[in-house]
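The structure appears below as structure tokens.
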Amino acid sequence: MKTLVRHRLFWPTAALVGLIAINAIARPAFIKITIRDGELYGALIDILRNSAPLMLVALGMTLVIATRGIDLSVGAIMAVSGAVALQIIAGSDEPNNIGVVAVAVGVAMLVSLVLGAWNGLLVSVMGIQPIIATLVLMFAGRGVALLITGGKITTVNSSPYKVIATGFFLLLPVAFLIAMAIVAIVAFVERRSALGVLTEAVGINPEASRLAGVRSRGIIWGAYIVSGLLSGIAGIIYTSNISAADANAAGLFIELYAILAVVLGGNSLMGGKFSIAGTVVGVLFIQTLDSTILFLGVSPAQSPVFFALVVVVVVLIQSPRLHRLARRVSQSRRAPQAASTPEEVAA
Amino acid sequence: MTDNADNAAQAIVEMRGITIQFPGVLALDGVDFTLRAGEVHSLMGENGAGKSTLIKALTGVYAINAGTIAVNGATREFHSTADAQAAGISTVYQEVNLCTNLTVGENVMLGHEPRTAGRINWGAVHREAARHLSELGLSVDPHSMLASHSIAIQQLVAISRAMVLDARVLILDEPTSSLDRGEVEQLFGVIRALRDKGVAILFVSHFLDQVYEIADRITVLRNGRLVGEYLAADLPRDQLVTKMIGRALDDLASLSQTADRAVDRSGIPVLTASGLGRKGTLEPADIDIYPGEVVGLAGLLGSGRTELVRLLYGADRPDTGHVEIQGSAAKIASPRHAIDRRVAFSSEDRRGEGIVGDLTVAENIVLGIQARKGWLHKLRRAEQDAIVADYMSALDVRPANPAALARNLSGGNQQKVLLARWLATAPELLILDEPTRGIDVGAKADIQRKVAELSQQGLSVIFISSELEEVLRLAQRIVVMRDRKRIGEVDAGAMDLDALVEYIANEGKESAA
Amino acid sequence: MTAVDTVPRPAKVGSFRSFMSRRASLMPTFAAVAILILIFIGAQMEFGNFITPRNISSLLLDNAYLLILAVGMTFVIITSGIDLSVGSVMAFTGIWLAKLLAGGTSAIIAIPAIVLGGAVIGLLIGVLIQYFDVQPFIASLAGLFLARGLAFVVSLQSIRVENKAVLWLQSTRWHLGSWYITPTGILALLVVAVGAFVMQYTRFGRTIYAIGGNEQSARLMGLNIARTKVLVYVISGTCAGLAGLVLTAYSGAGYPRNGIGTELDAIAAVVIGGTLLTGGTGYVLGSMVGVFVFGTINTVISFMGAEQSWTRIIVGVLLLVFIVVQRAIVARAERRR
């Protein structure tokens with residue numbers, strides 16, 4: 001079992017470490033961390049802070065993919081959640097009131113939970129293919145978010161809300177702490193309870209799991225609910241960061257980055273066994289790469305080219321054909337076996 | 001036999017000294033094999049004997065390490081299935097390899113559609129297809145969708161396609177597993193017609209009766225080596241089995257004695273089902289079973305046995321009827337309900353509905369217990385290890401490694417793992433659907449022995465098997481089914497194989513006085 | 001006792017059942033046509049001047065790019081694949097065309113160049129899928145990233161097109177009474193016609209259906225799976241290139257932000273037009289109907305003066321309805337077996 005774990009996390013972690021090392025060599029300031037006004041400050045800290053939305057979305061995506069599904073609607077849910085929260089704050093008389101902010105956050109989370117449950121209903125109860133089921137919300141979700149904001153970008157001026165994405169607590173960014181806390185909770189629940197192994201069973205063989213008495217429907221439904229909720233929280237962090245709800249830009253393409261993070265972490269898109277730690281490493285890799293690209297002076301809009309290369313490299317590494325080629329190259333020529341005479345069996 | 005006996009049957013395919021090596025496994029060791037024109041040749045051997053490896057070498061799926069393959073006298077090297085097809089070797093697999101989203105005619109002609117001026121001439125496609133189909137005596141409408149036909153017909157369409165490709169060699173890999181008696185006869189008619197046309201036919205099946213019915217010649221493999229090639233007429237059945245497994249088979253006979261014990265039917269039945277049915281699947285049927293009893297379900301393929309037990313287990317929802325367990329009414333609408341009432345079910349589709357391949361053997365074994373405990377309460381590691389170790393040794397699961405992935409085990413061992421999973425839940429009623437299908441004889445005996453032992457200890461078992469001898473051997477009572485309906489019940493002790501077959505054949509009509 | 005399934009049933013029942021089973025795959029497309037007609041009738045009743053030659057002609061003009069994308073997407077989806085890159089490839093080829101033209105390259109060289117560019121990206125995606133066993137989703141995702149990034153590499157801002165040839169594509173109208181058609185419209189219809197012909201009357205097209213039905217079987221039946229699967233993505237990329245040309249001609253400029261989410265529009269159109277996302281069934285003409293449904297809803301929304309985001313929502317709901325109905329039909333067929 002140890003060798004398996006080593007196999008799974010080894011390459012993603014090595015890649016991350018390698019990337020950090022390259023950065024550290026190119027710009028030594030990269031790994032420099034200082035303390036300013038009770039806050040940790042440095043490029044690495046920025047990466048941790050900026051990774052929060054993707055971390056949450058990718059976490060939800062990991063669970064959904066494990067059940068052999070996919071959730072394409074995460075970006076749209078982010079947009080809706082942000083729009084809801086900001087509308088509530090903008091519409092209130094006291095945007096700086098913590099109570100108002102709490103209500104806004106609460107309602108936004110509730111809405112995302114419902115949207116996730118909707119996805120789960122389509123997939124687990126109606127038996128619709130996950131790609132198709134979540135495509136609907138991906139398609140229509142942003143339109144809904146736009147309607148909520150009335151077609152414009154809602155802005156607010158709320159310090160409590162702003163803290164979520166930009167604040168610091170005990171030296172670390174609040175956003176990062178939130179993300180890590182949630183990751184820890186989910187990981188704990190998955191492995192301490194039987195939820196992890198039952199989810200894996202459902203992903204590997206849904207029918208066998210059903211016949212074995214596993215509550216597949218509930219597990220699959222739950223995965224989409226969690227994905228929706230986590231996307232909603234990501235949306236709150238995103239809008240808190242810019243203090244605005246931009247329905248078109250919120251979470252744009254994030255489903256793709258999330259899937260990439262899951263795959264980078266060594267998880268299979270076919271479902272089954274999953275590793276949350278792997279996804280975390282994948283997310284950090286993506287954020288670090290993003291930072292690297294920015295440092296190279298590449299315009300953010302052009303960075304997808306690099307990510308395309310990353311996707312290609314990752315899938316090539318995981319490709320069975322490549323393994324076969326590698327094996328053939330490293331093997332010596334096969335020696336033909338000597339033919340033996342057939343057994344004579346006494347009639 | 002046929003007129004072929006006059007001409008020296010000409011060898012179409014000659015495989016000599018075939019050796020195939022996989023990492024750690026010598027799958028074939030210097031095997032010779034010959035296919036002759038106008039002959040039905042059966043390849044026999046237990047699982048792991050090398051049958052399917054040899055076939056894959058002949059069809060271009062595997063490359064060979066040593067030896068030669070000659071077709072019509074010319075040595076050939078197959079690098080792909082297309083190469084084998086080009087050499088005139090066609091294969092029809094168990095899962096019919098056609099496209100159900102296309103018409104029958106298109107399937108027959110796919111890739112070889114007649115064209116005029118570069119564009120496909122659909123009229124000609126369907127005309128040609130009809131011609132090829134009728135050559136085999138089939139009158140299927142070429143315009144109909146393939147999916148609208150039974151598996152039996154789809155298979156015959158696949159054979160027609162092989163003839164379009166002008167196959168000189170036709171390989172049939174387990175073609176009768178999903179067919180009922182009538183369909184098997186139809187298939188055999190087609191096979192004989194092709195044989196008489198001079199096609200060399202390789203027939204692979206583990207149904208010994210069918211092999212003897214259709215094959216002219218038999219080749220036996222064991223452990224990757226050739227045991228010998230024989231004329232079917234010269235090889236009595238028990239000798240064939242002996243050559244296949246290398247030891248005599250009479251240890252199973254002793255099991256019948258254990259079945260012939262009295263069962264106490266004075267108390268409450270473990271389960272009673274009345275009028276249990278589902279529209280389009282099963283006519284309302286009754287069944288009951290007492291503690292410590294083995295009730296067999298006998299009938300031909302398609303008689304409704306699996307459908308009945310799936311309703312009992314809640315794998316499918318019944319439309320009518322009710323079920324009582326231990327005397328109290330039970331609503332069984334899902335497997336969870338059944339499991340809560342201590343019923344267990346091992347599906348006939350071991351790979352698709354039983355084993356969770358990428359989980360370990362240990363995880364598979366405790367899956368039933370864990371599912372029942374729910375996701376919140378995980379089984380403690382120590383407890384899990386103890387349970388797993390117990391069952392792996394009791395059932396002799398090989399390899400004895402609980403961390404091995406379940407998908408890497410052989411069919412027989414996977415079935416044992418499934419059995420372990422269900423026994424670990426301490427059921428009162430265990431339903432086994434075809435637990436010995438496609439398993440080597442050794443594992444078969446192990447499982448049958450275990451069932452007998454468990455029932456003696458008080459477990460009730462409903463047992464389905466297509467091999468009637470097995471059912472007779474293990475059961476006290478046999479419920480007989482036909483055409484999706486229960487037609488009767490017999491006392492196993494009072495029956496022998498011929499009587500049971502006759503009962504199945506005659507019941508429902510006027511039985512001979 | 002031998003119940004042979006091949007004896008033809010009594011004429012009436014048999015012919016109806018065989019008619020239905022043959023036509024079953026056309027049902028979703030019929031439904032799409034019905035919906036289109038319903039929308040037209042509804043809009044006509046509501047606005048009074050909806051069904052006019054001018055409106056219908058502009059339907060083709062406005063959606064020519066989507067029509068071309070949908071044809072390519074149909075090819076891909078029938079093989080049970082998916083191509084998420086087409087929107088970004090369209091943007092990339094569009095802006096690249098604008099840049100080439102602005103730099104003085106003649107249209108005769110620039111246009112084939114960008115279409116080839118689209119084809120090359122499609123080729124990369126196809127190779128990843130076929131030769132490296134990458135899932136279509138991930139491979140076309142890489143294509144999406146690549147194309148989108150390249151679009152911004154070409155230019156961070158939009159580039160106007162002054163080239164006469166391309167402007168000709170945009171401004172020429174050939175009139176037939178009150179009806180009109182543009183060169184781009186003709187191009188789109190040509191692509192549809194060629195696509196439909198290839199799918200129905202060539203072995204390549206039939207191989208596509210076979211792959212979508214059962215790839216394993218198609219391989220064992222001796223069909224050239226590898227070449228076909230790669231080619232469908234090349235076709236999709238080529239269509240995206242053509243769509244880039246059409247869109248640039250239509251708007252008179254290349255814009256790197258074009259086409260965000262357009263692949264979804266194409267997928268929605270294809271699904272509404274009757275193609276199953278699971279592959280194996282579908283018709284190019286059906287996708288054309290799907291595009292018109294999409295375009296008509298868009299037109300109705302702007303007629304109503306409502307926000308454009310409503311289009312996406314309504315199409316989303318429509319998509320949902322189609323998907324649920326498709327699922328219900330499949331479930332009923334499964335239960336009957």
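Here, A, B, ... name the chains of the structure tokens in the order displayed, residue numbers run from 1 inside each chain, and ligands are numbered from 1 in the same displayed order.
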
(request) Excluding range 67-74 of chain B and residues on its chain fewer than 2 positions from it, collect all residues at most 12 Å away from it, counting only C-alpha atoms, and give them as a ChimeraX atom specification. (result) /A:336-340 /B:10-20,28-37,54-55,57-60,63-65,76-78,83-89,167-169,200

(message) Using only C-alpha atoms, which protein or nucleic acid residues come within 10 Å of range 399-413 of chain B? Drop anything in the same chain fewer than 6 positions from it, and give the result as a PyMOL selection string.
(response) (chain A and resi 1) or (chain B and resi 47-48+350-351+355-365+385+388-389+392-393+419+435-444+446-447)

Would you please extract all strand (DSSP E or B) residues from range 87-273 of chain C, as assigned by DSSP on the backbone, and give them as a CSV table (one decimal) with N, CA and C atoms, in the first residue's frame?
chain,number,residue,atom,x,y,z
C,159,ILE,N,-8.8,43.9,-33.8
C,159,ILE,CA,-8.2,44.4,-35.0
C,159,ILE,C,-9.3,44.6,-36.1
C,160,ARG,N,-9.4,45.7,-36.6
C,160,ARG,CA,-10.4,45.9,-37.6
C,160,ARG,C,-10.0,45.3,-38.9
C,174,TRP,N,-27.3,38.8,-51.9
C,174,TRP,CA,-28.0,38.4,-53.2
C,174,TRP,C,-29.5,38.3,-52.9
C,175,HIS,N,-30.2,39.1,-53.7
C,175,HIS,CA,-31.6,39.2,-53.3
C,175,HIS,C,-32.5,38.3,-54.2
C,176,LEU,N,-33.5,37.8,-53.6
C,176,LEU,CA,-34.6,37.1,-54.4
C,176,LEU,C,-35.9,37.6,-53.8
C,179,TRP,N,-36.3,38.2,-50.0
C,179,TRP,CA,-35.3,37.3,-49.3
C,179,TRP,C,-33.9,37.7,-49.8
C,180,TYR,N,-32.9,37.4,-48.9
C,180,TYR,CA,-31.6,37.7,-49.3
C,180,TYR,C,-30.7,36.6,-48.7
C,181,ILE,N,-29.5,36.5,-49.4
C,181,ILE,CA,-28.6,35.5,-48.8
C,181,ILE,C,-27.2,36.1,-49.0
C,253,ALA,N,-14.3,42.7,-37.7
C,253,ALA,CA,-13.0,42.8,-36.9
C,253,ALA,C,-12.8,41.5,-36.3
C,254,GLY,N,-11.5,41.3,-35.9
C,254,GLY,CA,-11.1,40.1,-35.1
C,254,GLY,C,-11.1,40.5,-33.7

(message) I need the contact residues of chain B against chain C, so if you could list those with any atom within 6 Å, counting only C-alpha atoms, and return them as a list in words, that would help.
(response)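 That gives Ala82, Asn97, Leu98, Cys99, Asn101, Arg119, Ile120, Ser139, Val140 and Gly182 of chain B for chain B.
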
Counting only C-alpha atoms, which residues from chain C have an atom at most 6 Å from any atom of chain A, and could you show them as a short mmCIF file (atom, residue, chain, number, x, y, z; two decimals) with N, CA and C atoms, in the first residue's frame?
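File produced: part.cif:
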data_model
loop_
_atom_site.label_atom_id
_atom_site.label_comp_id
_atom_site.auth_asym_id
_atom_site.auth_seq_id
_atom_site.Cartn_x
_atom_site.Cartn_y
_atom_site.Cartn_z
N PHE C 132 -2.84 8.67 -27.59
CA PHE C 132 -2.37 8.71 -26.21
C PHE C 132 -3.49 8.46 -25.21
N ALA C 142 -7.32 21.13 -23.50
CA ALA C 142 -5.98 21.62 -23.82
C ALA C 142 -6.03 22.48 -25.06
N PHE C 145 -7.42 25.90 -24.13
CA PHE C 145 -6.39 26.73 -23.50
C PHE C 145 -5.43 27.27 -24.54
N LEU C 146 -4.96 26.36 -25.39
CA LEU C 146 -3.97 26.74 -26.38
C LEU C 146 -4.51 27.83 -27.30
N GLY C 149 -5.20 31.22 -25.51
CA GLY C 149 -3.95 31.92 -25.23
C GLY C 149 -3.33 32.47 -26.51
N PHE C 152 -4.77 35.71 -27.75
CA PHE C 152 -4.24 36.90 -27.10
C PHE C 152 -2.78 37.14 -27.45
N VAL C 153 -2.09 36.10 -27.81
CA VAL C 153 -0.71 36.30 -28.26
C VAL C 153 -0.71 37.06 -29.58
N SER C 309 -29.09 37.70 -21.77
CA SER C 309 -28.81 36.53 -20.93
C SER C 309 -30.00 35.59 -20.87
N ARG C 312 -29.65 32.44 -23.11
CA ARG C 312 -28.94 31.30 -22.56
C ARG C 312 -29.80 30.53 -21.58
N ILE C 313 -30.59 31.25 -20.81
CA ILE C 313 -31.41 30.58 -19.81
C ILE C 313 -32.47 29.73 -20.49
N GLY C 316 -31.04 26.87 -22.12
CA GLY C 316 -30.65 25.94 -21.06
C GLY C 316 -31.83 25.09 -20.62
#

(message) Residues near Tyr391 in chain B, anyone? I mean within 9 Å using only C-alpha atoms, not counting same-chain ones fewer than 5 positions away, as a VMD selection string.
(response) chain B and resid 365 386 396 to 397 417 420 to 421 423 to 424
